[in-house]
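Peer 1: As input, take run.json (JSON, C-alpha atoms):
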```json
[["chain", "number", "residue", "atom", "x", "y", "z"],
["A", 1, "MET", "CA", 0.00, 0.00, 0.00],
["A", 2, "ASN", "CA", 1.35, 3.40, -1.02],
["A", 3, "GLN", "CA", 1.14, 5.90, 1.82],
["A", 4, "PRO", "CA", 1.29, 9.58, 0.86],
["A", 5, "VAL", "CA", 4.35, 11.27, 2.25],
["A", 6, "PRO", "CA", 3.76, 14.52, 4.14],
["A", 7, "PRO", "CA", 5.60, 17.58, 2.82],
["A", 8, "PRO", "CA", 8.96, 18.26, 4.46],
["A", 9, "GLU", "CA", 7.72, 21.52, 6.05],
["A", 10, "GLN", "CA", 5.05, 19.60, 7.97],
["A", 11, "SER", "CA", 6.85, 18.40, 11.06],
["A", 12, "GLU", "CA", 3.88, 17.08, 13.03],
["A", 13, "LEU", "CA", 0.93, 14.92, 12.12],
["A", 14, "PRO", "CA", -2.44, 16.56, 11.46],
["A", 15, "LYS", "CA", -5.03, 16.52, 14.23],
["A", 16, "TRP", "CA", -7.26, 14.04, 12.40],
["A", 17, "SER", "CA", -4.50, 11.42, 12.21],
["A", 18, "LYS", "CA", -5.34, 10.16, 15.72],
["A", 19, "ASP", "CA", -9.10, 10.05, 15.02],
["A", 20, "PRO", "CA", -10.32, 6.41, 14.94],
["A", 21, "ARG", "CA", -12.71, 7.23, 12.10],
["A", 22, "ALA", "CA", -9.81, 8.53, 10.01],
["A", 23, "LYS", "CA", -7.86, 5.36, 10.73],
["A", 24, "ALA", "CA", -10.86, 3.23, 9.73],
["A", 25, "GLU", "CA", -11.19, 5.19, 6.49],
["A", 26, "GLU", "CA", -7.48, 4.78, 5.81],
["A", 27, "LYS", "CA", -7.80, 1.05, 6.43],
["A", 28, "ASN", "CA", -10.73, 0.87, 3.97],
["A", 29, "TRP", "CA", -9.14, 3.13, 1.37],
["A", 30, "PRO", "CA", -8.25, 0.30, -1.04],
["A", 31, "ASN", "CA", -11.81, -1.09, -0.71],
["A", 32, "GLU", "CA", -13.88, 1.19, -2.94],
["A", 33, "GLU", "CA", -17.13, -0.62, -2.05],
["A", 34, "THR", "CA", -16.80, 0.35, 1.61],
["A", 35, "LEU", "CA", -16.07, 3.99, 0.80],
["A", 36, "ASN", "CA", -19.04, 4.17, -1.58],
["A", 37, "GLY", "CA", -21.20, 2.68, 1.16],
["A", 38, "GLN", "CA", -20.05, 5.45, 3.48],
["A", 39, "LYS", "CA", -20.91, 8.06, 0.86],
["A", 40, "ALA", "CA", -24.37, 6.53, 0.44],
["A", 41, "GLU", "CA", -24.88, 6.58, 4.22],
["A", 42, "ASN", "CA", -23.80, 10.23, 4.40],
["A", 43, "ASP", "CA", -26.19, 11.11, 1.56],
["A", 44, "ARG", "CA", -29.02, 9.27, 3.32],
["A", 45, "MET", "CA", -28.33, 11.10, 6.59],
["A", 46, "TRP", "CA", -28.28, 14.46, 4.75],
["A", 47, "LEU", "CA", -31.62, 13.70, 3.08],
["A", 48, "LYS", "CA", -33.09, 12.72, 6.43],
["A", 49, "VAL", "CA", -31.97, 16.00, 8.06],
["A", 50, "TYR", "CA", -33.18, 17.96, 5.02],
["A", 51, "GLY", "CA", -36.55, 16.23, 5.26],
["A", 52, "TYR", "CA", -36.90, 17.15, 8.94],
["A", 53, "LEU", "CA", -35.96, 20.74, 8.12],
["A", 54, "VAL", "CA", -38.52, 20.98, 5.32],
["A", 55, "VAL", "CA", -41.26, 19.50, 7.49],
["A", 56, "GLY", "CA", -40.38, 21.93, 10.30],
["A", 57, "VAL", "CA", -40.49, 24.95, 7.98],
["A", 58, "ALA", "CA", -43.77, 23.75, 6.47],
["A", 59, "ILE", "CA", -45.28, 23.35, 9.93],
["A", 60, "VAL", "CA", -44.16, 26.84, 10.99],
["A", 61, "PHE", "CA", -45.64, 28.47, 7.87],
["A", 62, "THR", "CA", -48.85, 26.47, 8.20],
["A", 63, "VAL", "CA", -49.26, 27.45, 11.84],
["A", 64, "LEU", "CA", -48.61, 31.12, 10.97],
["A", 65, "PHE", "CA", -51.18, 30.98, 8.18],
["A", 66, "VAL", "CA", -53.83, 29.31, 10.36],
["A", 67, "LEU", "CA", -53.20, 31.71, 13.26],
["A", 68, "SER", "CA", -53.45, 34.69, 10.90],
["A", 69, "VAL", "CA", -56.76, 33.49, 9.47],
["A", 70, "LEU", "CA", -58.13, 32.68, 12.94],
["A", 71, "SER", "CA", -57.10, 36.01, 14.45],
["A", 72, "TRP", "CA", -58.55, 37.89, 11.47],
["A", 73, "ALA", "CA", -61.82, 35.93, 11.60],
["A", 74, "ILE", "CA", -62.18, 36.16, 15.38],
["A", 75, "HIS", "CA", -61.50, 39.89, 15.23],
["A", 76, "HIS", "CA", -64.41, 40.33, 12.80],
["A", 77, "ILE", "CA", -66.77, 37.86, 14.50],
["A", 78, "ALA", "CA", -66.13, 38.75, 18.14],
["A", 79, "PRO", "CA", -67.92, 41.60, 19.90],
["A", 80, "GLU", "CA", -66.44, 45.06, 19.54],
["A", 81, "SER", "CA", -65.08, 44.98, 23.10],
["A", 82, "TRP", "CA", -62.88, 41.95, 22.26],
["A", 83, "ASN", "CA", -61.09, 43.62, 19.36],
["A", 84, "TRP", "CA", -57.36, 43.82, 20.04],
["A", 85, "LEU", "CA", -56.05, 44.81, 16.62],
["A", 86, "ASN", "CA", -55.94, 48.36, 15.36],
["A", 87, "PRO", "CA", -57.04, 49.02, 11.74],
["A", 88, "ASP", "CA", -53.46, 49.06, 10.42],
["A", 89, "GLN", "CA", -52.65, 45.68, 11.93],
["A", 90, "LEU", "CA", -55.91, 44.23, 10.67],
["A", 91, "SER", "CA", -55.23, 45.59, 7.20],
["A", 92, "LYS", "CA", -51.75, 44.03, 7.11],
["A", 93, "ILE", "CA", -53.06, 40.63, 8.20],
["A", 94, "GLN", "CA", -55.85, 40.84, 5.65],
["A", 95, "SER", "CA", -53.49, 41.78, 2.83],
["A", 96, "ILE", "CA", -51.13, 38.91, 3.69],
["A", 97, "ILE", "CA", -53.94, 36.36, 3.89],
["A", 98, "PHE", "CA", -55.79, 37.43, 0.77],
["A", 99, "SER", "CA", -52.81, 38.28, -1.37],
["A", 100, "GLY", "CA", -52.10, 34.58, -1.25],
["A", 101, "SER", "CA", -48.42, 34.97, -0.53],
["A", 102, "LEU", "CA", -48.42, 33.01, 2.72],
["A", 103, "GLY", "CA", -50.80, 30.39, 1.34],
["A", 104, "ALA", "CA", -48.72, 30.10, -1.82],
["A", 105, "ILE", "CA", -45.57, 29.53, 0.22],
["A", 106, "VAL", "CA", -47.22, 26.79, 2.27],
["A", 107, "SER", "CA", -48.78, 25.07, -0.73],
["A", 108, "SER", "CA", -45.60, 25.27, -2.84],
["A", 109, "VAL", "CA", -43.48, 23.74, -0.08],
["A", 110, "PHE", "CA", -45.96, 20.91, 0.37],
["A", 111, "LYS", "CA", -46.32, 20.40, -3.40],
["A", 112, "ASN", "CA", -42.55, 20.23, -3.96],
["A", 113, "LYS", "CA", -42.00, 17.78, -1.14],
["A", 114, "ILE", "CA", -44.94, 15.56, -1.99],
["A", 115, "GLU", "CA", -43.70, 15.23, -5.58],
["A", 116, "LYS", "CA", -40.31, 13.94, -4.37]]
```
Produce C-alpha coordinates that represent the structure in this file.
Peer 2:
Amino acid sequence: MNQPVPPPEQSELPKWSKDPRAKAEEKNWPNEETLNGQKAENDRMWLKVYGYLVVGVAIVFTVLFVLSVLSWAIHHIAPESWNWLNPDQLSKIQSIIFSGSLGAIVSSVFKNKIEK
(Lines of atoms letter the chains of each structure in order from A and count residues from 1; the text may use other names and numbers.)
(Lines give C-alpha, C1' and ligand atoms only; values in the text may rest on other atoms or scores of the structure.)
Protein backbone atom coordinates (compact mmCIF):
# COMPACT_ATOMS: atom_id res chain seq x y z
CA MET A 1 0.00 0.00 0.00
CA ASN A 2 1.35 3.40 -1.02
CA GLN A 3 1.14 5.90 1.82
CA PRO A 4 1.29 9.58 0.86
CA VAL A 5 4.35 11.27 2.25
CA PRO A 6 3.76 14.52 4.14
CA PRO A 7 5.60 17.58 2.82
CA PRO A 8 8.96 18.26 4.46
CA GLU A 9 7.72 21.52 6.05
CA GLN A 10 5.05 19.60 7.97
CA SER A 11 6.85 18.40 11.06
CA GLU A 12 3.88 17.08 13.03
CA LEU A 13 0.93 14.92 12.12
CA PRO A 14 -2.44 16.56 11.46
CA LYS A 15 -5.03 16.52 14.23
CA TRP A 16 -7.26 14.04 12.40
CA SER A 17 -4.50 11.42 12.21
CA LYS A 18 -5.34 10.16 15.72
CA ASP A 19 -9.10 10.05 15.02
CA PRO A 20 -10.32 6.41 14.94
CA ARG A 21 -12.71 7.23 12.10
CA ALA A 22 -9.81 8.53 10.01
CA LYS A 23 -7.86 5.36 10.73
CA ALA A 24 -10.86 3.23 9.73
CA GLU A 25 -11.19 5.19 6.49
CA GLU A 26 -7.48 4.78 5.81
CA LYS A 27 -7.80 1.05 6.43
CA ASN A 28 -10.73 0.87 3.97
CA TRP A 29 -9.14 3.13 1.37
CA PRO A 30 -8.25 0.30 -1.04
CA ASN A 31 -11.81 -1.09 -0.71
CA GLU A 32 -13.88 1.19 -2.94
CA GLU A 33 -17.13 -0.62 -2.05
CA THR A 34 -16.80 0.35 1.61
CA LEU A 35 -16.07 3.99 0.80
CA ASN A 36 -19.04 4.17 -1.58
CA GLY A 37 -21.20 2.68 1.16
CA GLN A 38 -20.05 5.45 3.48
CA LYS A 39 -20.91 8.06 0.86
CA ALA A 40 -24.37 6.53 0.44
CA GLU A 41 -24.88 6.58 4.22
CA ASN A 42 -23.80 10.23 4.40
CA ASP A 43 -26.19 11.11 1.56
CA ARG A 44 -29.02 9.27 3.32
CA MET A 45 -28.33 11.10 6.59
CA TRP A 46 -28.28 14.46 4.75
CA LEU A 47 -31.62 13.70 3.08
CA LYS A 48 -33.09 12.72 6.43
CA VAL A 49 -31.97 16.00 8.06
CA TYR A 50 -33.18 17.96 5.02
CA GLY A 51 -36.55 16.23 5.26
CA TYR A 52 -36.90 17.15 8.94
CA LEU A 53 -35.96 20.74 8.12
CA VAL A 54 -38.52 20.98 5.32
CA VAL A 55 -41.26 19.50 7.49
CA GLY A 56 -40.38 21.93 10.30
CA VAL A 57 -40.49 24.95 7.98
CA ALA A 58 -43.77 23.75 6.47
CA ILE A 59 -45.28 23.35 9.93
CA VAL A 60 -44.16 26.84 10.99
CA PHE A 61 -45.64 28.47 7.87
CA THR A 62 -48.85 26.47 8.20
CA VAL A 63 -49.26 27.45 11.84
CA LEU A 64 -48.61 31.12 10.97
CA PHE A 65 -51.18 30.98 8.18
CA VAL A 66 -53.83 29.31 10.36
CA LEU A 67 -53.20 31.71 13.26
CA SER A 68 -53.45 34.69 10.90
CA VAL A 69 -56.76 33.49 9.47
CA LEU A 70 -58.13 32.68 12.94
CA SER A 71 -57.10 36.01 14.45
CA TRP A 72 -58.55 37.89 11.47
CA ALA A 73 -61.82 35.93 11.60
CA ILE A 74 -62.18 36.16 15.38
CA HIS A 75 -61.50 39.89 15.23
CA HIS A 76 -64.41 40.33 12.80
CA ILE A 77 -66.77 37.86 14.50
CA ALA A 78 -66.13 38.75 18.14
CA PRO A 79 -67.92 41.60 19.90
CA GLU A 80 -66.44 45.06 19.54
CA SER A 81 -65.08 44.98 23.10
CA TRP A 82 -62.88 41.95 22.26
CA ASN A 83 -61.09 43.62 19.36
CA TRP A 84 -57.36 43.82 20.04
CA LEU A 85 -56.05 44.81 16.62
CA ASN A 86 -55.94 48.36 15.36
CA PRO A 87 -57.04 49.02 11.74
CA ASP A 88 -53.46 49.06 10.42
CA GLN A 89 -52.65 45.68 11.93
CA LEU A 90 -55.91 44.23 10.67
CA SER A 91 -55.23 45.59 7.20
CA LYS A 92 -51.75 44.03 7.11
CA ILE A 93 -53.06 40.63 8.20
CA GLN A 94 -55.85 40.84 5.65
CA SER A 95 -53.49 41.78 2.83
CA ILE A 96 -51.13 38.91 3.69
CA ILE A 97 -53.94 36.36 3.89
CA PHE A 98 -55.79 37.43 0.77
CA SER A 99 -52.81 38.28 -1.37
CA GLY A 100 -52.10 34.58 -1.25
CA SER A 101 -48.42 34.97 -0.53
CA LEU A 102 -48.42 33.01 2.72
CA GLY A 103 -50.80 30.39 1.34
CA ALA A 104 -48.72 30.10 -1.82
CA ILE A 105 -45.57 29.53 0.22
CA VAL A 106 -47.22 26.79 2.27
CA SER A 107 -48.78 25.07 -0.73
CA SER A 108 -45.60 25.27 -2.84
CA VAL A 109 -43.48 23.74 -0.08
CA PHE A 110 -45.96 20.91 0.37
CA LYS A 111 -46.32 20.40 -3.40
CA ASN A 112 -42.55 20.23 -3.96
CA LYS A 113 -42.00 17.78 -1.14
CA ILE A 114 -44.94 15.56 -1.99
CA GLU A 115 -43.70 15.23 -5.58
CA LYS A 116 -40.31 13.94 -4.37
Peer 1: Could you work out how far atom CA of Ala58 of chain A lies from atom CA of Ile97 of chain A, giving the answer in Å with one decimal?
Peer 2: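 Answer for the atom CA of Ile97 of chain A to atom CA of Ala58 of chain A separation: 16.4 Å.
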Peer 1: If I take atom CA of Met45 of chain A and atom CA of Ser107 of chain A, how far is one from the other in Å, to one decimal?
Peer 2: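 Rounded to one decimal, the two atoms are 25.8 Å apart.
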Peer 1: As a ChimeraX atom specification, please: the residues near segment 61-69 of chain A (cut-off 8 Å, only C-alpha atoms, same-chain neighbours under 3 positions excluded).
Peer 2: /A:57-58,72-73,93,97,102-103,105-106
Peer 1: Could you tell me how far atom CA of Arg21 of chain A sits from atom CA of Arg44 of chain A, in Å to one decimal place?
Peer 2: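 According to the coordinates, atom CA of Arg44 of chain A and atom CA of Arg21 of chain A are separated by 18.6 Å.
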